[in-house]
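Chemist: target29.pdb is reproduced below (PDB, C-alpha atoms and all ligand atoms).
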ATOM      1  CA  MET A1115      -9.146   2.768  18.387
ATOM      2  CA  TYR A1116      -9.025   4.689  15.116
ATOM      3  CA  LYS A1117      -7.710   8.232  15.358
ATOM      4  CA  SER A1118      -7.881  10.510  12.387
ATOM      5  CA  PRO A1119      -4.550  12.117  11.496
ATOM      6  CA  ARG A1120      -3.791  15.801  11.161
ATOM      7  CA  ILE A1121      -2.258  16.144   7.712
ATOM      8  CA  GLU A1122      -0.234  19.224   6.823
ATOM      9  CA  SER A1123       0.656  19.339   3.168
ATOM     10  CA  GLY A1124       2.473  21.875   1.033
ATOM     11  CA  ARG A1125       5.673  22.802  -0.711
ATOM     12  CA  ALA A1126       8.630  22.483   1.670
ATOM     13  CA  ALA A1127       6.107  21.588   4.382
ATOM     14  CA  THR A1128       8.933  19.872   6.285
ATOM     15  CA  LYS A1129      10.300  23.319   7.260
ATOM     16  CA  GLN A1130       7.936  23.173  10.241
ATOM     17  CA  LEU A1131      10.181  20.493  11.748
ATOM     18  CA  LEU A1132      12.650  23.303  12.494
ATOM     19  CA  ASN A1133      10.296  24.536  15.242
ATOM     20  CA  LEU A1134       9.929  21.157  16.891
ATOM     21  CA  GLN A1135      10.462  21.193  20.675
ATOM     22  CA  GLY A1136      11.930  18.465  22.874
ATOM     23  CA  ARG A1137      14.414  15.684  22.205
ATOM     24  CA  CYS A1138      13.980  14.633  18.582
ATOM     25  CA  LEU A1139      14.833  11.238  17.166
ATOM     26  CA  ALA A1140      14.745  11.018  13.375
ATOM     27  CA  VAL A1141      14.343   7.647  11.678
ATOM     28  CA  SER A1142      15.194   7.462   7.989
ATOM     29  CA  MET A1143      17.270   5.785   5.289
ATOM     30  CA  ASP A1144      20.191   7.125   3.229
ATOM     31  CA  ILE A1145      18.341   8.194   0.087
ATOM     32  CA  PRO A1146      15.263   9.857   1.619
ATOM     33  CA  TRP A1147      17.453  11.519   4.259
ATOM     34  CA  SER A1148      19.788  13.109   1.713
ATOM     35  CA  VAL A1149      16.870  14.263  -0.448
ATOM     36  CA  PHE A1150      15.123  15.635   2.639
ATOM     37  CA  GLN A1151      18.259  17.516   3.760
ATOM     38  CA  LYS A1152      18.306  19.415   0.465
ATOM     39  CA  ILE A1153      14.822  20.744   1.208
ATOM     40  CA  THR A1154      15.044  21.231   4.980
ATOM     41  CA  ARG A1155      18.337  21.355   6.826
ATOM     42  CA  TRP A1156      17.159  19.968  10.129
ATOM     43  CA  ASP A1157      19.436  18.785  12.895
ATOM     44  CA  PRO A1158      17.610  16.350  15.193
ATOM     45  CA  ASP A1159      19.227  15.168  18.454
ATOM     46  CA  HIS A1160      19.757  11.747  16.980
ATOM     47  CA  ILE A1161      19.367  10.129  13.563
ATOM     48  CA  HIS A1162      18.779   6.419  13.153
ATOM     49  CA  MET A1163      19.226   4.863   9.717
ATOM     50  CA  VAL A1164      17.016   1.808   9.241
ATOM     51  CA  ALA A1165      18.962  -1.236   8.015
ATOM     52  CA  ASN A1166      16.042  -3.598   7.520
ATOM     53  CA  MET A1167      12.782  -4.566   9.221
ATOM     54  CA  ASP A1168      13.796  -7.991  10.558
ATOM     55  CA  MET A1169      12.116  -8.427  13.926
ATOM     56  CA  GLU A1170      15.363  -8.900  15.920
ATOM     57  CA  VAL A1171      17.034  -5.915  14.233
ATOM     58  CA  VAL A1172      14.019  -3.699  14.922
ATOM     59  CA  GLU A1173      13.796  -4.741  18.585
ATOM     60  CA  ALA A1174      17.524  -4.298  19.187
ATOM     61  CA  ALA A1175      17.570  -0.892  17.490
ATOM     62  CA  GLU A1176      14.681   0.412  19.579
ATOM     63  CA  LYS A1177      16.386  -0.698  22.813
ATOM     64  CA  SER A1178      19.716   0.907  21.935
ATOM     65  CA  LEU A1179      18.366   4.259  20.747
ATOM     66  CA  PRO A1180      18.488   7.261  23.113
ATOM     67  CA  PRO A1181      15.352   8.493  24.908
ATOM     68  CA  CYS A1182      13.244  10.978  22.942
ATOM     69  CA  ASP A1183      10.153  13.143  23.255
ATOM     70  CA  VAL A1184       9.248  12.826  19.599
ATOM     71  CA  VAL A1185      10.159  10.370  16.877
ATOM     72  CA  VAL A1186      10.041  11.563  13.267
ATOM     73  CA  GLY A1187       9.914   8.957  10.496
ATOM     74  CA  ILE A1188      11.175  10.330   7.171
ATOM     75  CA  GLY A1189      11.132   8.020   4.149
ATOM     76  CA  GLY A1190       9.240   5.097   2.641
ATOM     77  CA  GLY A1191       7.545   2.112   4.266
ATOM     78  CA  SER A1192      10.484   0.941   6.392
ATOM     79  CA  SER A1193      11.374   4.357   7.856
ATOM     80  CA  VAL A1194       7.747   5.033   8.642
ATOM     81  CA  ASP A1195       7.251   1.567  10.138
ATOM     82  CA  MET A1196      10.373   1.863  12.307
ATOM     83  CA  ALA A1197       9.123   5.211  13.646
ATOM     84  CA  LYS A1198       5.735   3.622  14.336
ATOM     85  CA  TYR A1199       7.412   0.764  16.187
ATOM     86  CA  ILE A1200       9.413   3.137  18.398
ATOM     87  CA  ALA A1201       6.403   5.345  19.176
ATOM     88  CA  TRP A1202       4.263   2.279  19.889
ATOM     89  CA  LYS A1203       6.870   0.819  22.271
ATOM     90  CA  ARG A1204       7.660   4.115  23.995
ATOM     91  CA  GLY A1205       4.315   5.862  23.877
ATOM     92  CA  CYS A1206       6.033   9.018  22.614
ATOM     93  CA  ARG A1207       4.796  11.590  20.099
ATOM     94  CA  MET A1208       5.240  10.621  16.456
ATOM     95  CA  ILE A1209       5.388  12.638  13.249
ATOM     96  CA  LEU A1210       5.479  10.848   9.905
ATOM     97  CA  VAL A1211       6.989  12.392   6.789
ATOM     98  CA  PRO A1212       6.481  10.130   3.771
ATOM     99  CA  SER A1213       9.104  10.666   1.054
ATOM    100  CA  ILE A1214       7.087   8.525  -1.338
ATOM    101  CA  ILE A1215       3.422   7.474  -1.609
ATOM    102  CA  SER A1216       3.933   3.924  -2.870
ATOM    103  CA  VAL A1217       2.422   2.297   0.250
ATOM    104  CA  ASP A1218      -0.234   3.254   2.796
ATOM    105  CA  ALA A1219       2.061   2.703   5.823
ATOM    106  CA  PRO A1220       1.914   6.413   6.883
ATOM    107  CA  LEU A1221      -1.819   5.992   7.528
ATOM    108  CA  THR A1222      -2.177   2.474   8.939
ATOM    109  CA  ASN A1223      -1.925   1.400  12.575
ATOM    110  CA  THR A1224       0.299  -1.649  12.137
ATOM    111  CA  VAL A1225       4.033  -2.164  11.670
ATOM    112  CA  ALA A1226       5.271  -4.586   8.986
ATOM    113  CA  VAL A1227       8.260  -6.582  10.276
ATOM    114  CA  ARG A1228       9.911  -9.665   8.844
ATOM    115  CA  VAL A1229      10.040 -12.914  10.747
ATOM    116  CA  ASP A1230      11.727 -15.805   8.917
ATOM    117  CA  LYS A1231      11.617 -13.712   5.726
ATOM    118  CA  LYS A1232       7.837 -13.436   5.976
ATOM    119  CA  VAL A1233       5.949 -10.203   6.570
ATOM    120  CA  LYS A1234       4.177 -10.055   9.908
ATOM    121  CA  TYR A1235       2.061  -7.159  11.144
ATOM    122  CA  ILE A1236       2.526  -6.103  14.742
ATOM    123  CA  GLY A1237       1.711  -3.106  16.930
ATOM    124  CA  ASP A1238      -1.260  -0.818  17.071
ATOM    125  CA  ILE A1239      -0.668   2.884  16.633
ATOM    126  CA  TYR A1240      -2.698   5.180  14.411
ATOM    127  CA  PRO A1241      -0.520   8.021  13.079
ATOM    128  CA  GLU A1242      -1.822  11.362  14.318
ATOM    129  CA  GLU A1243       0.567  13.814  12.651
ATOM    130  CA  LEU A1244       1.594  13.686   9.023
ATOM    131  CA  ILE A1245       3.671  16.133   7.040
ATOM    132  CA  VAL A1246       3.175  15.789   3.290
ATOM    133  CA  ASP A1247       5.937  17.721   1.556
ATOM    134  CA  TYR A1248       5.298  17.871  -2.207
ATOM    135  CA  ASP A1249       8.918  18.815  -2.910
ATOM    136  CA  LEU A1250      10.155  15.753  -1.056
ATOM    137  CA  ILE A1251       7.678  13.287  -2.568
ATOM    138  CA  GLN A1252       8.209  14.618  -6.088
ATOM    139  CA  GLN A1253      11.892  13.670  -5.861
ATOM    140  CA  ALA A1254      10.984   9.959  -5.714
ATOM    141  CA  PRO A1255      10.684   7.992  -8.989
ATOM    142  CA  LYS A1256       7.274   8.629 -10.555
ATOM    143  CA  ASP A1257       6.665   4.904 -11.134
ATOM    144  CA  LEU A1258       6.976   4.240  -7.418
ATOM    145  CA  ASN A1259       4.697   7.114  -6.426
ATOM    146  CA  ARG A1260       2.085   5.905  -8.930
ATOM    147  CA  ALA A1261       2.272   2.388  -7.485
ATOM    148  CA  GLY A1262       0.443   3.590  -4.364
ATOM    149  CA  ALA A1263      -2.793   3.770  -6.359
ATOM    150  CA  CYS A1264      -2.912  -0.051  -6.457
ATOM    151  CA  ASP A1265      -4.528  -0.355  -3.038
ATOM    152  CA  ILE A1266      -7.257   2.044  -4.125
ATOM    153  CA  ALA A1267      -7.739   0.422  -7.543
ATOM    154  CA  SER A1268      -8.050  -2.961  -5.800
ATOM    155  CA  ILE A1269     -11.414  -1.789  -4.431
ATOM    156  CA  HIS A1270     -12.816  -2.663  -7.873
ATOM    157  CA  THR A1271     -11.999  -6.381  -7.574
ATOM    158  CA  GLY A1272     -12.217  -6.411  -3.773
ATOM    159  CA  LEU A1273     -15.844  -5.259  -3.689
ATOM    160  CA  PHE A1274     -16.815  -7.926  -6.222
ATOM    161  CA  ASP A1275     -15.280 -10.693  -4.093
ATOM    162  CA  TRP A1276     -16.731  -9.310  -0.880
ATOM    163  CA  LYS A1277     -20.284  -9.294  -2.310
ATOM    164  CA  LEU A1278     -19.716 -12.753  -3.775
ATOM    165  CA  ALA A1279     -18.619 -14.063  -0.374
ATOM    166  CA  HIS A1280     -21.650 -12.477   1.240
ATOM    167  CA  ASP A1281     -24.070 -13.974  -1.292
ATOM    168  CA  ARG A1282     -22.531 -17.440  -1.275
ATOM    169  CA  THR A1283     -21.371 -17.871   2.327
ATOM    170  CA  GLY A1284     -23.246 -15.241   4.318
ATOM    171  CA  GLU A1285     -20.037 -13.418   5.200
ATOM    172  CA  ARG A1286     -20.643 -10.094   6.954
ATOM    173  CA  TYR A1287     -21.288  -7.273   4.476
ATOM    174  CA  ASP A1288     -21.920  -3.578   4.889
ATOM    175  CA  ALA A1289     -23.553  -1.874   1.928
ATOM    176  CA  GLY A1290     -22.782   1.597   3.326
ATOM    177  CA  ILE A1291     -19.072   0.870   3.589
ATOM    178  CA  ALA A1292     -19.073  -0.769   0.160
ATOM    179  CA  GLN A1293     -20.537   2.474  -1.187
ATOM    180  CA  GLU A1294     -17.856   4.569   0.557
ATOM    181  CA  ALA A1295     -15.209   2.317  -0.958
ATOM    182  CA  ARG A1296     -16.742   2.686  -4.402
ATOM    183  CA  GLU A1297     -16.651   6.453  -4.017
ATOM    184  CA  CYS A1298     -12.900   6.223  -3.317
ATOM    185  CA  LEU A1299     -12.442   4.265  -6.521
ATOM    186  CA  LEU A1300     -14.360   6.916  -8.463
ATOM    187  CA  GLU A1301     -12.315   9.667  -6.838
ATOM    188  CA  LEU A1302      -9.150   7.928  -8.072
ATOM    189  CA  ASP A1303     -10.726   7.739 -11.521
ATOM    190  CA  ARG A1304     -11.534  11.467 -11.466
ATOM    191  CA  HIS A1305      -7.990  12.459 -10.526
ATOM    192  CA  ALA A1306      -6.143   9.781 -12.505
ATOM    193  CA  ASN A1307      -4.125  12.295 -14.478
ATOM    194  CA  ASP A1308      -2.886  14.135 -11.372
ATOM    195  CA  VAL A1309      -1.960  10.806  -9.784
ATOM    196  CA  TYR A1310      -0.044   9.866 -12.945
ATOM    197  CA  GLU A1311       1.807  13.179 -13.033
ATOM    198  CA  VAL A1312       2.388  13.168  -9.244
ATOM    199  CA  THR A1313       1.109  16.734  -8.963
ATOM    200  CA  PRO A1314       0.299  18.213  -5.521
ATOM    201  CA  LYS A1315      -3.368  17.416  -6.260
ATOM    202  CA  GLY A1316      -2.390  13.849  -7.163
ATOM    203  CA  ILE A1317      -0.362  13.432  -3.966
ATOM    204  CA  ASP A1318      -3.170  14.868  -1.813
ATOM    205  CA  THR A1319      -5.674  12.596  -3.570
ATOM    206  CA  VAL A1320      -3.717   9.410  -2.883
ATOM    207  CA  ILE A1321      -3.028  10.356   0.746
ATOM    208  CA  ASP A1322      -6.664  11.285   1.310
ATOM    209  CA  LEU A1323      -7.883   8.031  -0.281
ATOM    210  CA  PHE A1324      -5.485   6.051   1.937
ATOM    211  CA  ARG A1325      -6.885   7.927   4.930
ATOM    212  CA  ARG A1326     -10.489   7.172   3.985
ATOM    213  CA  GLU A1327      -9.707   3.545   3.251
ATOM    214  CA  VAL A1328      -7.886   2.995   6.537
ATOM    215  CA  GLU A1329     -10.784   4.649   8.360
ATOM    216  CA  PHE A1330     -13.579   2.531   6.855
ATOM    217  CA  CYS A1331     -11.552  -0.685   7.031
ATOM    218  CA  SER A1332     -10.942   0.048  10.705
ATOM    219  CA  ARG A1333     -14.665   0.695  11.227
ATOM    220  CA  PHE A1334     -15.519  -2.566   9.469
ATOM    221  CA  GLY A1335     -12.822  -4.531  11.264
ATOM    222  CA  ASN A1336     -10.646  -5.757   8.380
ATOM    223  CA  SER A1337      -9.480  -4.988   4.823
ATOM    224  CA  ARG A1338     -12.357  -6.785   3.077
ATOM    225  CA  PRO A1339     -13.575  -3.620   1.315
ATOM    226  CA  GLU A1340     -10.258  -3.164  -0.518
ATOM    227  CA  GLU A1341      -8.561  -6.571  -0.610
ATOM    228  CA  GLY A1342      -9.837  -9.288  -2.864
ATOM    229  CA  SER A1343      -8.529 -11.975  -5.190
ATOM    230  CA  GLU A1344      -6.064  -9.496  -6.779
ATOM    231  CA  HIS A1345      -4.128  -9.613  -3.505
ATOM    232  CA  ILE A1346      -4.257 -13.426  -3.536
ATOM    233  CA  VAL A1347      -2.444 -13.248  -6.895
ATOM    234  CA  ALA A1348       0.100 -10.845  -5.386
ATOM    235  CA  TYR A1349       0.772 -13.056  -2.350
ATOM    236  CA  ALA A1350       0.944 -16.174  -4.543
ATOM    237  CA  ILE A1351       3.651 -14.669  -6.764
ATOM    238  CA  GLU A1352       5.691 -13.523  -3.759
ATOM    239  CA  HIS A1353       5.338 -16.961  -2.218
ATOM    240  CA  LEU A1354       6.239 -18.771  -5.423
ATOM    241  CA  THR A1355       9.252 -16.649  -6.379
ATOM    242  CA  ARG A1356      10.472 -15.707  -2.871
ATOM    243  CA  ARG A1357      11.445 -12.357  -4.368
ATOM    244  CA  HIS A1358      10.524  -8.844  -3.405
ATOM    245  CA  PHE A1359       8.334  -6.916  -5.854
ATOM    246  CA  ILE A1360       6.860  -3.435  -5.988
ATOM    247  CA  HIS A1361       3.474  -4.013  -4.375
ATOM    248  CA  GLY A1362       1.729  -1.958  -7.066
ATOM    249  CA  ASP A1363       3.134  -4.166  -9.844
ATOM    250  CA  LEU A1364       1.765  -7.324  -8.249
ATOM    251  CA  VAL A1365      -1.608  -5.920  -7.285
ATOM    252  CA  GLY A1366      -1.943  -4.316 -10.742
ATOM    253  CA  LEU A1367      -1.291  -7.701 -12.331
ATOM    254  CA  GLY A1368      -3.809  -9.251  -9.934
ATOM    255  CA  ILE A1369      -6.438  -6.715 -11.000
ATOM    256  CA  PHE A1370      -5.681  -7.415 -14.662
ATOM    257  CA  LEU A1371      -6.099 -11.183 -14.197
ATOM    258  CA  MET A1372      -8.941 -11.310 -11.685
ATOM    259  CA  THR A1373     -11.218  -8.857 -13.522
ATOM    260  CA  ARG A1374     -11.077 -11.404 -16.353
ATOM    261  CA  LEU A1375     -11.988 -14.265 -14.029
ATOM    262  CA  GLN A1376     -14.712 -12.186 -12.408
ATOM    263  CA  HIS A1377     -16.047 -10.857 -15.751
ATOM    264  CA  ASN A1378     -16.010  -7.581 -13.906
ATOM    265  CA  GLY A1379     -15.352  -4.490 -16.009
ATOM    266  CA  HIS A1380     -11.938  -5.685 -17.165
ATOM    267  CA  ASP A1381     -11.490  -3.041 -19.853
ATOM    268  CA  TRP A1382     -12.522  -0.252 -17.494
ATOM    269  CA  ALA A1383     -10.092  -1.437 -14.822
ATOM    270  CA  VAL A1384      -7.210  -1.741 -17.302
ATOM    271  CA  GLU A1385      -7.931   1.731 -18.631
ATOM    272  CA  LEU A1386      -7.908   3.122 -15.076
ATOM    273  CA  MET A1387      -4.594   1.405 -14.329
ATOM    274  CA  LYS A1388      -3.100   2.848 -17.504
ATOM    275  CA  ARG A1389      -4.296   6.318 -16.623
ATOM    276  CA  VAL A1390      -2.850   6.256 -13.092
ATOM    277  CA  GLY A1391       0.326   4.539 -14.319
ATOM    278  CA  LEU A1392       0.179   1.172 -12.547
ATOM    279  CA  ARG A1393       2.553  -1.324 -14.150
ATOM    280  CA  TYR A1394      -0.017  -4.115 -14.323
ATOM    281  CA  THR A1395       2.082  -6.213 -16.716
ATOM    282  CA  CYS A1396       4.417  -6.711 -13.742
ATOM    283  CA  PRO A1397       7.698  -6.554 -15.686
ATOM    284  CA  ASP A1398       9.701  -8.199 -12.871
ATOM    285  CA  ALA A1399       7.776 -11.500 -13.048
ATOM    286  CA  SER A1400       8.312 -13.857 -15.999
ATOM    287  CA  PRO A1401       5.351 -15.255 -17.984
ATOM    288  CA  ASP A1402       6.165 -18.715 -16.618
ATOM    289  CA  GLU A1403       6.028 -17.454 -13.048
ATOM    290  CA  ILE A1404       2.679 -15.766 -13.661
ATOM    291  CA  ARG A1405       1.353 -18.913 -15.346
ATOM    292  CA  ALA A1406       2.529 -21.069 -12.418
ATOM    293  CA  ALA A1407       0.948 -18.710  -9.885
ATOM    294  CA  LEU A1408      -2.385 -18.935 -11.705
ATOM    295  CA  THR A1409      -2.207 -22.711 -12.032
ATOM    296  CA  GLY A1410      -1.580 -23.092  -8.316
ATOM    297  CA  LEU A1411      -3.740 -20.173  -7.170
ATOM    298  CA  LYS A1412      -6.577 -22.154  -5.654
ATOM    299  CA  GLN A1413      -4.223 -24.493  -3.815
ATOM    300  CA  PHE A1414      -2.164 -21.549  -2.539
ATOM    301  CA  LYS A1415      -5.312 -19.787  -1.347
ATOM    302  CA  THR A1416      -6.463 -22.895   0.496
ATOM    303  CA  GLU A1417      -3.089 -23.574   2.107
ATOM    304  CA  ALA A1418      -2.604 -19.954   3.136
ATOM    305  CA  ASP A1419      -6.176 -19.948   4.457
ATOM    306  CA  LEU A1420      -7.069 -16.712   2.674
ATOM    307  CA  PHE A1421     -10.517 -15.163   2.289
ATOM    308  CA  TYR A1422     -13.323 -16.356  -0.029
ATOM    309  CA  SER A1423     -13.334 -14.929  -3.542
ATOM    310  CA  VAL A1424     -13.861 -15.664  -7.229
ATOM    311  CA  VAL A1425     -10.959 -18.121  -6.864
ATOM    312  CA  ASP A1426     -13.364 -20.353  -4.890
ATOM    313  CA  THR A1427     -16.252 -20.088  -7.308
ATOM    314  CA  THR A1428     -14.693 -20.091 -10.778
ATOM    315  CA  PRO A1429     -12.245 -22.729 -12.012
ATOM    316  CA  ILE A1430      -8.983 -21.384 -13.402
ATOM    317  CA  SER A1431      -8.779 -23.513 -16.545
ATOM    318  CA  THR A1432      -5.839 -23.860 -18.925
ATOM    319  CA  GLU A1433      -7.962 -22.040 -21.454
ATOM    320  CA  PHE A1434      -8.450 -19.121 -19.045
ATOM    321  CA  ILE A1435      -4.741 -18.983 -18.247
ATOM    322  CA  GLU A1436      -3.644 -19.028 -21.882
ATOM    323  CA  GLY A1437      -6.213 -16.392 -22.805
ATOM    324  CA  ALA A1438      -5.059 -14.151 -19.968
ATOM    325  CA  MET A1439      -1.384 -14.676 -20.785
ATOM    326  CA  ALA A1440      -1.962 -13.774 -24.426
ATOM    327  CA  ALA A1441      -3.821 -10.610 -23.422
ATOM    328  CA  LEU A1442      -1.033  -9.722 -21.016
ATOM    329  CA  ALA A1443       1.671 -10.290 -23.629
ATOM    330  CA  GLU A1444      -0.207  -8.011 -25.992
ATOM    331  CA  GLN A1445      -0.342  -5.287 -23.316
ATOM    332  CA  ALA A1446       3.335  -5.761 -22.452
ATOM    333  CA  GLY A1447       4.218  -5.393 -26.131
ATOM    334  CA  ARG A1448       2.443  -2.062 -26.227
ATOM    335  CA  ARG A1449       4.175  -0.804 -23.110
TER     336      ARG A1449
HETATM  337 ZN    ZN B1501      -2.129  -4.028  -0.918
END
Taking this structure as input, can you express it in the form of structure tokens?
Ligand SMILES: [Zn+2]

Modeler:
Amino acid sequence: MYKSPRIESGRAATKQLLNLQGRCLAVSMDIPWSVFQKITRWDPDHIHMVANMDMEVVEAAEKSLPPCDVVVGIGGGSSVDMAKYIAWKRGCRMILVPSIISVDAPLTNTVAVRVDKKVKYIGDIYPEELIVDYDLIQQAPKDLNRAGACDIASIHTGLFDWKLAHDRTGERYDAGIAQEARECLLELDRHANDVYEVTPKGIDTVIDLFRREVEFCSRFGNSRPEEGSEHIVAYAIEHLTRRHFIHGDLVGLGIFLMTRLQHNGHDWAVELMKRVGLRYTCPDASPDEIRAALTGLKQFKTEADLFYSVVDTTPISTEFIEGAMAALAEQAGRR
């Protein structure tokens, strides 16, 4: 069941951890922990540094850690997910302290673990207490903080595919939720400059949009309102290259490419991505990799059994691919 989180945000907001009662277990990683310690010198009963999120490692770590009354996850996706795993297994109180806003993990109810090098989502625990410390988050690289906007910007392409699926296949659709999602997209548009600059207003905006998105997706029952063909592009590139990318780079690229295939406000979407600072030219993927992902996109989608989208209704021709690649190269040149 969805529970809405209590979010306390402010400068040095992590100072409130100093008043925490009971046995405290902190879960973090080297970099966020050392940055955090410069802001708030807090001495929990035990600190666990997350090595990786491989299923066996996660399970073994949870079993070997001392009992606690509260687990505090301080860091990015992995630290937060490890804290969620522990709280889910133990049923203890959990406080999440994101050190970066590049992913929505501090708001979602699932834990991303790796099984055979593939991401798998397990668990079910909605975070109830969040501390958003501007000083902490502002220490993270701006590019990474901006990347979080990708899962809000993806509403633009996601809503198009969702409506398309509804019209063509009768897939369940909720016009009210679609409208709420659209409002989130417009809110991102309104505060694009703050998101780009990672100001307190920008941080609060992204966190609040994550919160709203998680809430309406939970009410609907899945991520349809915010995940469309742009995520298929992202998954296809990860699958093809077997490398790890910044999620925002891949989804940004997916939005760039799929708005062209959808004929869906491409210029507007690109302008929005520029203004929030998403790296939609995906500098870590080569043009040949992007080309190959597009060529095999429909087959990948079918084999991975992903949702219905523009990929099902519009052929991805050589002409389309070359046009998109030329447009991308032009954008990359301007970067
Ligand atoms: Zn995403």

Chemist: Name every residue that the PyMOL selection byres (((not hetatm)) within 8 of (chain B and resi 1501)) selects in this structure, writing the answer as a ChimeraX atom specification with chains first and numbers rising.

Modeler: /A:1217,1264-1265,1268,1341,1345,1361-1362,1365

Chemist: Run the PyMOL selection byres (((chain A and resi 1296-1306) around 10) and not hetatm) mentally over the shown coordinates, then write out the matched residues as an MDAnalysis selection string, using the chain letters and numbers from the document.

Modeler: chainID A and resid 1260 1263 1265:1270 1273 1290:1295 1307:1312 1315:1316 1319:1320 1322:1324 1326:1327 1339:1340 1383 1385:1391

Chemist: Run through the PyMOL selection byres (((chain A and resi 1405-1422) around 7) and not hetatm) on the given coordinates and return the selected residues as a PDB file with C-alpha atoms, keeping the file's coordinate frame.

Modeler:
ATOM      1  CA  ALA A1279     -18.619 -14.063  -0.374  1.00  0.00           C
ATOM      2  CA  ILE A1346      -4.257 -13.426  -3.536  1.00  0.00           C
ATOM      3  CA  ALA A1350       0.944 -16.174  -4.543  1.00  0.00           C
ATOM      4  CA  ILE A1351       3.651 -14.669  -6.764  1.00  0.00           C
ATOM      5  CA  LEU A1354       6.239 -18.771  -5.423  1.00  0.00           C
ATOM      6  CA  PRO A1401       5.351 -15.255 -17.984  1.00  0.00           C
ATOM      7  CA  ASP A1402       6.165 -18.715 -16.618  1.00  0.00           C
ATOM      8  CA  GLU A1403       6.028 -17.454 -13.048  1.00  0.00           C
ATOM      9  CA  ILE A1404       2.679 -15.766 -13.661  1.00  0.00           C
ATOM     10  CA  SER A1423     -13.334 -14.929  -3.542  1.00  0.00           C
ATOM     11  CA  VAL A1425     -10.959 -18.121  -6.864  1.00  0.00           C
ATOM     12  CA  ASP A1426     -13.364 -20.353  -4.890  1.00  0.00           C
ATOM     13  CA  ILE A1435      -4.741 -18.983 -18.247  1.00  0.00           C
TER      14      ILE A1435
END

Chemist: Skip region 1175-1181 of chain A itself and residues of its chain fewer than 6 positions away, then list as a PyMOL selection string all residues within 10 Å of it, counting all atoms listed in the file.

Modeler: chain A and resi 1137-1139+1159-1165+1169+1196-1197+1199-1201+1203-1204+1206

Chemist: Store the residues picked out above, limited to C-alpha atoms, as a tab-separated table (two decimals), in the coordinates of the input.

Modeler:
chain	number	residue	atom	x	y	z
A	1137	ARG	CA	14.41	15.68	22.20
A	1138	CYS	CA	13.98	14.63	18.58
A	1139	LEU	CA	14.83	11.24	17.17
A	1159	ASP	CA	19.23	15.17	18.45
A	1160	HIS	CA	19.76	11.75	16.98
A	1161	ILE	CA	19.37	10.13	13.56
A	1162	HIS	CA	18.78	6.42	13.15
A	1163	MET	CA	19.23	4.86	9.72
A	1164	VAL	CA	17.02	1.81	9.24
A	1165	ALA	CA	18.96	-1.24	8.02
A	1169	MET	CA	12.12	-8.43	13.93
A	1196	MET	CA	10.37	1.86	12.31
A	1197	ALA	CA	9.12	5.21	13.65
A	1199	TYR	CA	7.41	0.76	16.19
A	1200	ILE	CA	9.41	3.14	18.40
A	1201	ALA	CA	6.40	5.34	19.18
A	1203	LYS	CA	6.87	0.82	22.27
A	1204	ARG	CA	7.66	4.12	24.00
A	1206	CYS	CA	6.03	9.02	22.61

Chemist: If I take CA of Tyr1235 (chain A) and CA of Pro1220 (chain A), how far is one from the other in Å, to one decimal?

Modeler: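 One can read the CA of Tyr1235 (chain A) to CA of Pro1220 (chain A) distance as 14.2 Å.
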
Chemist: Padding 3 Å on each side, edges along x, y and z: where is the centre of the box around the listed atoms of region 1367-1385 of chain A, and how long are its edges in Å to one decimal? Output it as JSON.

Modeler:
{"center_x": -8.7, "center_y": -6.3, "center_z": -14.9, "size_x": 20.8, "size_y": 22.0, "size_z": 15.9}

Chemist: Do you have the CA of Ala1219 (chain A)-CA of Arg1393 (chain A) distance handy?

Modeler: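 Separation of CA of Ala1219 (chain A) and CA of Arg1393 (chain A): 20.4 Å.
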
Chemist: Identify which of the residues A:Leu1134, A:Ile1214, A:Ile1369, A:Val1172 lies closest to Phe1274 (chain A), counting only C-alpha atoms when measuring atom-to-atom distances.

Modeler: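 For Phe1274 (chain A), the nearest of the given residues is A:Ile1369.
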
Chemist: For Arg1333 (chain A), which residue among A:Gly1284, A:Ile1430, A:Ile1321, A:Tyr1116 is the nearest when counting only C-alpha atoms?

Modeler: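 Between A:Gly1284, A:Ile1430, A:Ile1321, A:Tyr1116, the residue approaching Arg1333 (chain A) most closely is A:Tyr1116.
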
Chemist: Looking at A:Thr1355, A:Gln1135, A:Ser1118, A:Ser1123, which one is nearest to Leu1221 (chain A), with distances taken over only C-alpha atoms?

Modeler: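 Looking only at the distances to Leu1221 (chain A), the closest residue turns out to be A:Ser1118.
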